[in-house]
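Peer 1: Pasting coords-v2.tsv below, which is TSV, C-alpha atoms.
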chain	number	residue	atom	x	y	z
A	25	MET	CA	-32.72	-27.76	1.65
A	26	SER	CA	-33.81	-25.45	4.47
A	27	ASP	CA	-35.07	-21.90	3.91
A	28	ALA	CA	-31.84	-20.54	5.35
A	29	ARG	CA	-29.77	-22.53	2.86
A	30	TYR	CA	-32.04	-21.46	-0.03
A	31	SER	CA	-31.64	-17.89	1.07
A	32	ARG	CA	-27.85	-18.19	1.33
A	33	PHE	CA	-27.65	-19.88	-2.06
A	34	LEU	CA	-29.79	-17.16	-3.62
A	35	THR	CA	-27.70	-14.41	-2.02
A	36	ASN	CA	-24.46	-15.96	-3.27
A	37	TRP	CA	-25.82	-16.48	-6.76
A	38	ASP	CA	-27.15	-12.93	-6.91
A	39	SER	CA	-23.80	-11.55	-5.77
A	40	GLN	CA	-21.83	-13.62	-8.30
A	41	ALA	CA	-24.20	-12.69	-11.13
A	42	ARG	CA	-23.82	-8.96	-10.41
A	43	LYS	CA	-20.05	-9.26	-10.11
A	44	GLY	CA	-20.01	-10.98	-13.48
A	45	VAL	CA	-21.35	-7.88	-15.17
A	46	LEU	CA	-19.29	-5.39	-13.15
A	47	VAL	CA	-17.09	-4.47	-16.09
A	48	LEU	CA	-20.17	-3.72	-18.19
A	49	ILE	CA	-21.68	-1.65	-15.36
A	50	VAL	CA	-18.48	0.35	-14.83
A	51	MET	CA	-18.05	1.05	-18.54
A	52	ALA	CA	-21.71	2.02	-18.88
A	53	ALA	CA	-21.36	4.42	-15.96
A	54	LEU	CA	-18.25	5.99	-17.45
A	55	SER	CA	-19.96	6.40	-20.84
A	56	GLY	CA	-22.27	9.02	-19.36
A	57	ARG	CA	-19.68	11.20	-17.66
A	58	GLU	CA	-16.29	11.04	-16.03
A	59	TYR	CA	-15.98	10.01	-12.39
A	60	TYR	CA	-13.26	9.98	-9.79
A	61	GLY	CA	-12.69	6.70	-7.95
A	62	TYR	CA	-14.79	7.19	-4.82
A	63	GLU	CA	-17.63	8.79	-6.76
A	64	LEU	CA	-17.73	5.91	-9.25
A	65	VAL	CA	-17.73	3.28	-6.51
A	66	GLU	CA	-20.65	5.00	-4.75
A	67	HIS	CA	-22.55	5.33	-8.04
A	68	VAL	CA	-22.05	1.66	-8.96
A	69	MET	CA	-22.84	0.36	-5.49
A	70	THR	CA	-26.00	2.37	-5.04
A	71	GLY	CA	-27.11	2.39	-8.69
A	72	ALA	CA	-26.50	-1.27	-9.50
A	73	GLY	CA	-26.87	-2.59	-5.96
A	74	VAL	CA	-23.52	-4.36	-6.24
A	75	GLN	CA	-21.75	-4.95	-2.96
A	76	VAL	CA	-18.07	-5.39	-3.73
A	77	SER	CA	-14.92	-4.01	-2.17
A	78	ASP	CA	-13.53	-0.74	-3.47
A	79	GLY	CA	-10.38	-2.66	-4.33
A	80	THR	CA	-12.30	-4.90	-6.75
A	81	LEU	CA	-13.67	-1.91	-8.65
A	82	TYR	CA	-10.30	-0.24	-8.51
A	83	ALA	CA	-8.74	-3.33	-10.11
A	84	ILE	CA	-11.33	-3.16	-12.89
A	85	LEU	CA	-10.41	0.48	-13.56
A	86	ILE	CA	-6.72	-0.45	-13.73
A	87	ARG	CA	-7.48	-3.23	-16.18
A	88	LEU	CA	-9.65	-0.99	-18.35
A	89	LYS	CA	-6.93	1.65	-18.40
A	90	ALA	CA	-4.26	-0.93	-19.27
A	91	GLU	CA	-6.45	-2.06	-22.17
A	92	GLY	CA	-6.82	1.53	-23.40
A	93	LEU	CA	-10.58	1.55	-22.79
A	94	VAL	CA	-10.41	4.22	-20.11
A	95	SER	CA	-8.39	7.42	-19.92
A	96	THR	CA	-7.46	9.33	-16.78
A	97	ARG	CA	-6.62	12.86	-15.75
A	98	TRP	CA	-5.70	14.43	-12.42
A	99	GLU	CA	-7.61	17.42	-11.10
A	100	ALA	CA	-6.97	19.42	-7.94
A	101	ALA	CA	-9.73	18.91	-5.36
A	102	GLU	CA	-11.35	21.75	-3.37
A	103	ARG	CA	-9.93	20.14	-0.24
A	104	GLY	CA	-7.61	17.20	0.17
A	105	PRO	CA	-5.33	15.58	-2.40
A	106	ALA	CA	-5.83	15.76	-6.17
A	107	ARG	CA	-8.37	13.41	-7.71
A	108	LYS	CA	-7.95	11.10	-10.67
A	109	TYR	CA	-10.87	11.22	-13.06
A	110	TYR	CA	-11.71	8.26	-15.29
A	111	ALA	CA	-13.46	8.54	-18.67
A	112	LEU	CA	-14.28	6.09	-21.42
A	113	THR	CA	-12.09	6.38	-24.52
A	114	ASP	CA	-13.42	6.10	-28.07
A	115	GLU	CA	-12.21	2.49	-28.14
A	116	GLY	CA	-14.06	1.96	-24.86
A	117	ARG	CA	-17.27	3.38	-26.31
A	118	ALA	CA	-17.02	1.18	-29.39
A	119	LEU	CA	-16.44	-1.89	-27.26
A	120	LEU	CA	-19.26	-0.93	-24.87
A	121	ALA	CA	-21.69	-0.82	-27.81
A	122	LYS	CA	-20.71	-4.40	-28.70
A	123	MET	CA	-20.90	-5.47	-25.07
A	124	LYS	CA	-24.42	-4.05	-24.84
A	125	GLN	CA	-25.41	-6.07	-27.90
A	126	ALA	CA	-23.89	-9.17	-26.36
A	127	TRP	CA	-25.68	-8.44	-23.10
A	128	THR	CA	-29.01	-8.02	-24.84
A	129	GLY	CA	-28.47	-11.30	-26.67
A	130	MET	CA	-27.51	-12.99	-23.41
A	131	VAL	CA	-30.59	-11.72	-21.62
A	132	SER	CA	-32.82	-12.80	-24.51
A	133	GLY	CA	-31.22	-16.24	-24.50
A	134	VAL	CA	-31.65	-16.64	-20.77
A	135	ASP	CA	-35.23	-15.38	-21.00
A	136	ALA	CA	-35.96	-17.96	-23.69
A	137	ILE	CA	-34.65	-20.72	-21.46
A	138	LEU	CA	-36.57	-19.41	-18.48
A	139	GLU	CA	-39.76	-19.83	-20.51
A	140	ASP	CA	-40.63	-23.41	-21.35
A	141	ARG	CA	-41.38	-24.59	-24.90
A	142	SER	CA	-45.11	-24.25	-24.43
A	143	GLY	CA	-44.61	-20.57	-23.77
A	144	ARG	CA	-45.33	-20.93	-20.07
A	145	ASP	CA	-43.23	-18.60	-17.93
A	146	VAL	CA	-41.34	-20.63	-15.31
A	147	ARG	CA	-39.90	-17.62	-13.51
B	47	MET	CA	-0.78	12.36	5.28
B	48	PHE	CA	-2.32	11.55	8.69
B	49	ASP	CA	-1.90	13.29	12.03
B	50	ASP	CA	-2.81	10.32	14.22
B	51	PRO	CA	0.18	7.95	14.76
B	52	ARG	CA	-2.18	4.95	14.71
B	53	ALA	CA	-3.56	6.08	11.36
B	54	ARG	CA	-0.03	6.59	10.02
B	55	ARG	CA	0.94	3.10	11.21
B	56	ALA	CA	-2.13	1.47	9.64
B	57	GLY	CA	-1.54	3.42	6.42
B	58	ARG	CA	2.08	2.33	6.24
B	59	HIS	CA	1.10	-1.29	6.89
B	60	PHE	CA	-1.46	-1.24	4.08
B	61	ARG	CA	1.03	0.44	1.75
B	62	MET	CA	3.69	-2.15	2.48
B	63	ARG	CA	1.25	-4.97	1.79
B	64	VAL	CA	0.41	-3.39	-1.58
B	65	GLU	CA	4.09	-2.84	-2.33
B	66	LEU	CA	4.82	-6.47	-1.56
B	67	MET	CA	2.08	-7.50	-4.00
B	68	LEU	CA	3.52	-5.20	-6.64
B	69	SER	CA	7.17	-6.10	-6.14
B	70	SER	CA	7.34	-7.70	-9.57
B	71	VAL	CA	5.83	-4.65	-11.30
B	72	SER	CA	8.01	-1.95	-12.85
B	73	PRO	CA	8.76	1.00	-10.47
B	74	ALA	CA	6.90	3.55	-12.61
B	75	VAL	CA	3.70	1.47	-12.72
B	76	ARG	CA	4.03	0.66	-9.03
B	77	ARG	CA	4.38	4.35	-8.17
B	78	GLU	CA	1.29	5.22	-10.23
B	79	LEU	CA	-0.78	2.49	-8.61
B	80	LEU	CA	0.32	3.50	-5.12
B	81	ASP	CA	-0.56	7.13	-5.84
B	82	ASP	CA	-3.98	6.07	-7.17
B	83	LEU	CA	-4.67	3.92	-4.13
B	84	ALA	CA	-3.50	6.65	-1.75
B	85	ALA	CA	-5.82	9.20	-3.42
B	86	HIS	CA	-8.73	6.77	-3.23
B	87	VAL	CA	-8.10	5.95	0.44
B	88	CYS	CA	-7.85	9.69	1.21
B	89	ASP	CA	-11.25	10.20	-0.43
B	90	LEU	CA	-12.73	7.38	1.63
B	91	VAL	CA	-11.28	8.84	4.83
B	92	ALA	CA	-12.52	12.32	3.94
B	93	GLU	CA	-16.03	10.98	3.28
B	94	GLY	CA	-16.01	8.93	6.50
B	95	PRO	CA	-18.09	9.80	9.57
B	96	ARG	CA	-17.04	13.18	10.99
B	97	ASP	CA	-17.42	12.12	14.61
B	98	ALA	CA	-15.01	9.16	14.28
B	99	ALA	CA	-11.32	9.40	15.08
B	100	GLU	CA	-8.90	9.60	12.16
B	101	HIS	CA	-7.54	6.08	12.65
B	102	GLU	CA	-11.09	4.70	12.84
B	103	ARG	CA	-12.01	6.42	9.58
B	104	LEU	CA	-8.85	5.06	7.98
B	105	GLN	CA	-9.54	1.55	9.24
B	106	ALA	CA	-13.07	1.75	7.83
B	107	ALA	CA	-11.61	2.94	4.52
B	108	LEU	CA	-9.10	0.08	4.41
B	109	ASP	CA	-11.85	-2.41	5.26
B	110	ARG	CA	-13.82	-1.03	2.31
B	111	MET	CA	-10.80	-1.39	0.03
B	112	GLY	CA	-10.49	-5.08	0.88
B	113	ASP	CA	-7.46	-7.34	0.95
B	114	PRO	CA	-4.81	-6.22	-1.60
B	115	ARG	CA	-3.93	-9.89	-2.16
B	116	GLU	CA	-7.44	-10.43	-3.47
B	117	PHE	CA	-8.02	-7.39	-5.62
B	118	LEU	CA	-4.50	-7.15	-7.07
B	119	ALA	CA	-3.94	-10.87	-7.67
B	120	PRO	CA	-6.11	-11.05	-10.83
B	121	LEU	CA	-4.18	-8.12	-12.35
B	122	ILE	CA	-0.79	-9.63	-11.66
B	123	GLY	CA	-1.88	-13.17	-12.53
B	124	GLY	CA	-3.57	-11.93	-15.68
B	125	ALA	CA	-0.38	-10.16	-16.83
B	126	ILE	CA	-2.24	-6.86	-17.05
B	127	PHE	CA	0.84	-4.98	-15.95
B	128	ARG	CA	3.42	-4.47	-18.60
B	129	ASP	CA	6.46	-6.65	-18.08
B	130	PRO	CA	9.56	-4.39	-18.19
B	131	ARG	CA	11.52	-7.25	-19.75
B	132	ARG	CA	9.64	-6.63	-22.98
B	133	ASP	CA	11.64	-3.42	-23.49
B	134	VAL	CA	15.26	-4.34	-23.81
B	135	GLY	CA	16.53	-1.43	-25.91
B	136	LEU	CA	19.87	0.28	-25.24
B	137	GLY	CA	18.26	3.27	-23.49
B	138	GLN	CA	16.08	1.05	-21.33
B	139	THR	CA	19.04	-1.11	-20.37
B	140	GLY	CA	21.19	1.94	-19.54
B	141	ARG	CA	18.47	3.47	-17.37
B	142	ALA	CA	17.95	0.15	-15.62
B	143	VAL	CA	21.68	-0.20	-14.86
B	144	LEU	CA	21.90	3.39	-13.54
B	145	SER	CA	18.78	2.86	-11.48
B	146	LEU	CA	20.19	-0.34	-10.00
B	147	LEU	CA	23.50	1.37	-9.16
B	148	ALA	CA	21.73	4.31	-7.50
B	149	ARG	CA	19.44	1.96	-5.64
B	150	GLY	CA	22.38	-0.17	-4.53
B	151	TRP	CA	24.14	2.94	-3.23
B	152	ARG	CA	21.08	4.11	-1.27
B	153	VAL	CA	20.50	0.65	0.17
B	154	GLY	CA	24.20	0.35	0.98
B	155	TRP	CA	24.62	3.57	2.93
B	156	ARG	CA	21.33	3.11	4.71
B	157	SER	CA	22.37	-0.41	5.73
B	158	ALA	CA	25.62	1.05	7.08
B	159	LEU	CA	23.61	3.64	9.04
B	160	VAL	CA	21.41	0.94	10.53
B	161	LEU	CA	24.36	-1.25	11.52
B	162	GLY	CA	26.40	1.71	12.85
B	163	ALA	CA	23.57	3.10	14.95
B	164	ALA	CA	22.61	-0.33	16.29
B	165	LEU	CA	26.26	-1.05	17.20
B	166	CYS	CA	26.66	2.37	18.85
B	167	GLY	CA	23.50	1.79	20.88
B	168	ALA	CA	24.58	-1.71	21.91
B	169	VAL	CA	28.02	-0.47	23.06
B	170	ALA	CA	26.49	2.42	25.02
B	171	LEU	CA	24.05	0.05	26.70
B	172	LEU	CA	26.85	-2.45	27.45
B	173	VAL	CA	29.00	0.23	29.09
B	174	ALA	CA	26.07	1.63	31.09
B	175	VAL	CA	25.13	-1.81	32.42
B	176	GLY	CA	28.81	-2.69	33.02
B	177	ALA	CA	29.44	0.58	34.87
B	178	VAL	CA	26.50	-0.12	37.15
B	179	LEU	CA	27.34	-3.79	37.80
B	180	ASP	CA	31.15	-3.49	37.94
B	181	PRO	CA	32.02	0.14	38.65
B	182	ASP	CA	35.70	-0.69	39.33
B	183	SER	CA	36.38	-2.13	35.87
B	184	VAL	CA	33.92	-0.55	33.39
B	185	GLY	CA	33.26	3.15	32.87
B	186	LEU	CA	35.32	6.35	33.01
B	187	PHE	CA	38.65	6.29	34.90
B	188	ARG	CA	41.23	8.95	35.68
B	189	LEU	CA	44.70	7.44	35.13
B	190	GLY	CA	46.64	10.64	35.66
B	191	PRO	CA	46.21	14.41	35.97
B	192	ASP	CA	45.35	14.77	32.25
B	193	ASP	CA	44.60	11.16	31.35
B	194	VAL	CA	40.98	9.87	31.35
B	195	GLN	CA	40.17	6.41	29.98
B	196	LEU	CA	36.86	4.93	28.83
B	197	ARG	CA	36.80	1.17	29.51
B	198	LEU	CA	34.22	-0.93	27.74
B	199	VAL	CA	35.12	-4.46	28.82
B	200	GLY	CA	37.00	-3.97	32.09
B	201	GLY	CA	40.56	-3.17	33.13
B	202	GLU	CA	42.61	-2.18	36.14
B	203	GLY	CA	44.05	0.94	37.72
B	204	GLY	CA	42.94	4.53	37.83
B	205	VAL	CA	40.32	6.32	39.84
B	206	PRO	CA	36.71	5.59	38.83
B	207	LEU	CA	34.96	8.73	37.65
B	208	PHE	CA	31.62	7.01	37.43
B	209	LEU	CA	28.73	9.22	38.32
B	210	PRO	CA	25.04	8.30	38.24
B	211	TRP	CA	24.46	10.70	35.39
B	212	PHE	CA	27.05	8.84	33.33
B	213	ALA	CA	24.86	5.72	33.21
B	214	MET	CA	21.81	7.86	32.50
B	215	VAL	CA	23.56	9.61	29.62
B	216	LEU	CA	24.72	6.29	28.18
B	217	ILE	CA	21.26	4.76	28.43
B	218	ALA	CA	19.77	7.84	26.76
B	219	LEU	CA	22.42	7.61	24.05
B	220	ALA	CA	21.65	3.90	23.59
B	221	ALA	CA	17.93	4.62	23.31
B	222	LEU	CA	18.52	7.39	20.76
B	223	SER	CA	20.85	5.19	18.71
B	224	MET	CA	18.42	2.28	18.74
B	225	ALA	CA	15.52	4.56	17.77
B	226	PHE	CA	17.56	5.99	14.91
B	227	ALA	CA	18.58	2.49	13.79
B	228	TRP	CA	14.92	1.37	13.88
B	229	ARG	CA	13.82	4.38	11.83
B	230	GLN	CA	16.54	3.80	9.28
B	231	ALA	CA	15.76	0.09	9.13
B	232	ARG	CA	12.13	0.88	8.27
B	233	LYS	CA	13.29	3.24	5.53
B	234	LEU	CA	15.65	0.53	4.31
B	235	VAL	CA	12.78	-1.94	3.97
B	236	LEU	CA	10.76	0.69	2.09
B	237	GLU	CA	13.73	1.43	-0.14
B	238	ILE	CA	14.11	-2.25	-1.00
B	239	LEU	CA	10.39	-2.73	-1.56
B	240	SER	CA	9.82	0.51	-3.45
B	241	PRO	CA	12.83	2.45	-4.74
B	242	GLY	CA	12.58	6.16	-3.95
B	243	ALA	CA	9.70	5.75	-1.47
B	244	ALA	CA	11.92	6.23	1.59
B	245	ALA	CA	13.02	9.64	0.36
B	246	LYS	CA	9.42	10.93	0.46
Any chance you could give the structure as structure tokens?
Peer 2:
Amino acid sequence: MSDARYSRFLTNWDSQARKGVLVLIVMAALSGREYYGYELVEHVMTGAGVQVSDGTLYAILIRLKAEGLVSTRWEAAERGPARKYYALTDEGRALLAKMKQAWTGMVSGVDAILEDRSGRDVR
Amino acid sequence: MFDDPRARRAGRHFRMRVELMLSSVSPAVRRELLDDLAAHVCDLVAEGPRDAAEHERLQAALDRMGDPREFLAPLIGGAIFRDPRRDVGLGQTGRAVLSLLARGWRVGWRSALVLGAALCGAVALLVAVGAVLDPDSVGLFRLGPDDVQLRLVGGEGGVPLFLPWFAMVLIALAALSMAFAWRQARKLVLEILSPGAAAK
């Protein structure tokens, strides 16, 4: 496999891996404070380095709201149309705590596999 | 929402694509989603580069949003949206019937407007072309001192009253009728895709 193909494979894998934890990232972001759509997208993209379309994140917000994990409220903006703010509900916070536990377990499991049985780090 | 006609056109196109994707979703949910998306796109446009034209900022915003078929498909396929058929109570059924009747009425009279305006425009254009090509048979004719006849498909007798401005007026009338029919047809499509949207 050429360097270019390795690089492309790595880029694709990295992108898929980050997308896989998008829901966790969005919920974690909303646990700190409420965000309006554009603000949240910017925060997630710059903070987590995830490059996805705004529509993808928007769909996640819709799903979280439909599941009752996120609440919304409209607020008039200083200029332009009103903004919809998203915040994590109590159910969302409870679920996020479990998701964090699951994430920690997942990372530990992956780390264990990344280290061979002799304790040598293969990363 | 936008001043630039190109931006308005691109915005309408995006909205119609989203509405098509959400055609199976209940009107209330569809309205909420469209409002959310519109607010988000407005934010993206507002945060866009100041030196770019409005339609360029909107296009950049829509590019950032991505293809609605991709980001909405998982929601629809995953049955995230509540299926209105789950609620089949008496009140829900009554509201649905009233809504259908009102929608049918709006679609009906708008269809009649489209057909009427298109027909009016076609007749005006036909007479204008006929009056130019066959000025002895088509157009305005004086049959007597107080008798003027408008012939659409030809005839005989009378003194032609055709004047150049007559054809100009008819062509202008045809253009206005066709433009009106086109505008109403677009509203009709919106009305079918998203009840109540055409009224806004």
Peer 1: So which residues fall inside 10 Å of (-9.4, -4.2, -11.1) if we count only C-alpha atoms? Mind giving them as a ChimeraX atom specification?
Peer 2: /A:47,78-89 /B:117-121,126
Peer 1: Please, which residues in segment 32-118 of chain A fall within 7 Å of segment 70-91 of chain B when counting only C-alpha atoms, and what is the closest atom pair and distance in Å to one decimal for each, ordered by chain then residue number, as JSON lines?
Peer 2:
{"residue": "A:Gly61", "atom": "CA", "partner": "B:His86", "partner_atom": "CA", "distance": 6.2}
{"residue": "A:Tyr62", "atom": "CA", "partner": "B:His86", "partner_atom": "CA", "distance": 6.3}
{"residue": "A:Pro105", "atom": "CA", "partner": "B:Ala85", "partner_atom": "CA", "distance": 6.5}
{"residue": "A:Arg107", "atom": "CA", "partner": "B:Ala85", "partner_atom": "CA", "distance": 6.5}
Peer 1: Selection from above, C-alpha atoms, as an mmCIF file, in the coordinates of the input, can you write it?
Peer 2:
data_model
loop_
_atom_site.group_PDB
_atom_site.id
_atom_site.type_symbol
_atom_site.label_atom_id
_atom_site.label_comp_id
_atom_site.auth_asym_id
_atom_site.auth_seq_id
_atom_site.Cartn_x
_atom_site.Cartn_y
_atom_site.Cartn_z
ATOM 1 C CA GLY A 61 -12.690 6.700 -7.950
ATOM 2 C CA TYR A 62 -14.790 7.190 -4.820
ATOM 3 C CA PRO A 105 -5.330 15.580 -2.400
ATOM 4 C CA ARG A 107 -8.370 13.410 -7.710
#
Peer 1: With a cut-off of 6 Å and counting all atoms listed in the file, select all residues of chain B in contact with chain A and give the selection as a list of chain:residue names.
Peer 2: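 Using all atoms listed in the file, chain B residues at most 6 Å from chain A: B:Arg110, B:Met111, B:Gly112, B:Phe117.
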Peer 1: So, with all atoms listed in the file as the atoms that count, which of B:Ala99, B:Leu172, B:Leu108, B:Ala164 lies closest to Trp228 of chain B?
Peer 2: B:Ala164
Peer 1: How big is the axis-aligned box, and where does its centre sit, when it encloses all atoms of segment 189-197 of chain B listed in the file and has 3 Å added on every side, reported in Å to one decimal as AutoDock Vina command-line options?
Peer 2:
--center_x 41.7 --center_y 8.0 --center_z 32.4 --size_x 15.8 --size_y 19.6 --size_z 13.1
Peer 1: Atom CA of Ala227 of chain B and atom CA of Phe187 of chain B are how many Å apart?
Peer 2: 29.4 Å
Peer 1: List the spatial neighbours of Tyr59 of chain A as a list of chain:residue names - criterion: any atom at most 7 Å away, all atoms listed in the file, same-chain residues fewer than 2 positions off excluded.
Peer 2: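 My reading of the contact set: A:Leu54, A:Arg57, A:Gly61, A:Glu63, A:Leu64, A:Tyr109, A:Tyr110, A:Ala111.
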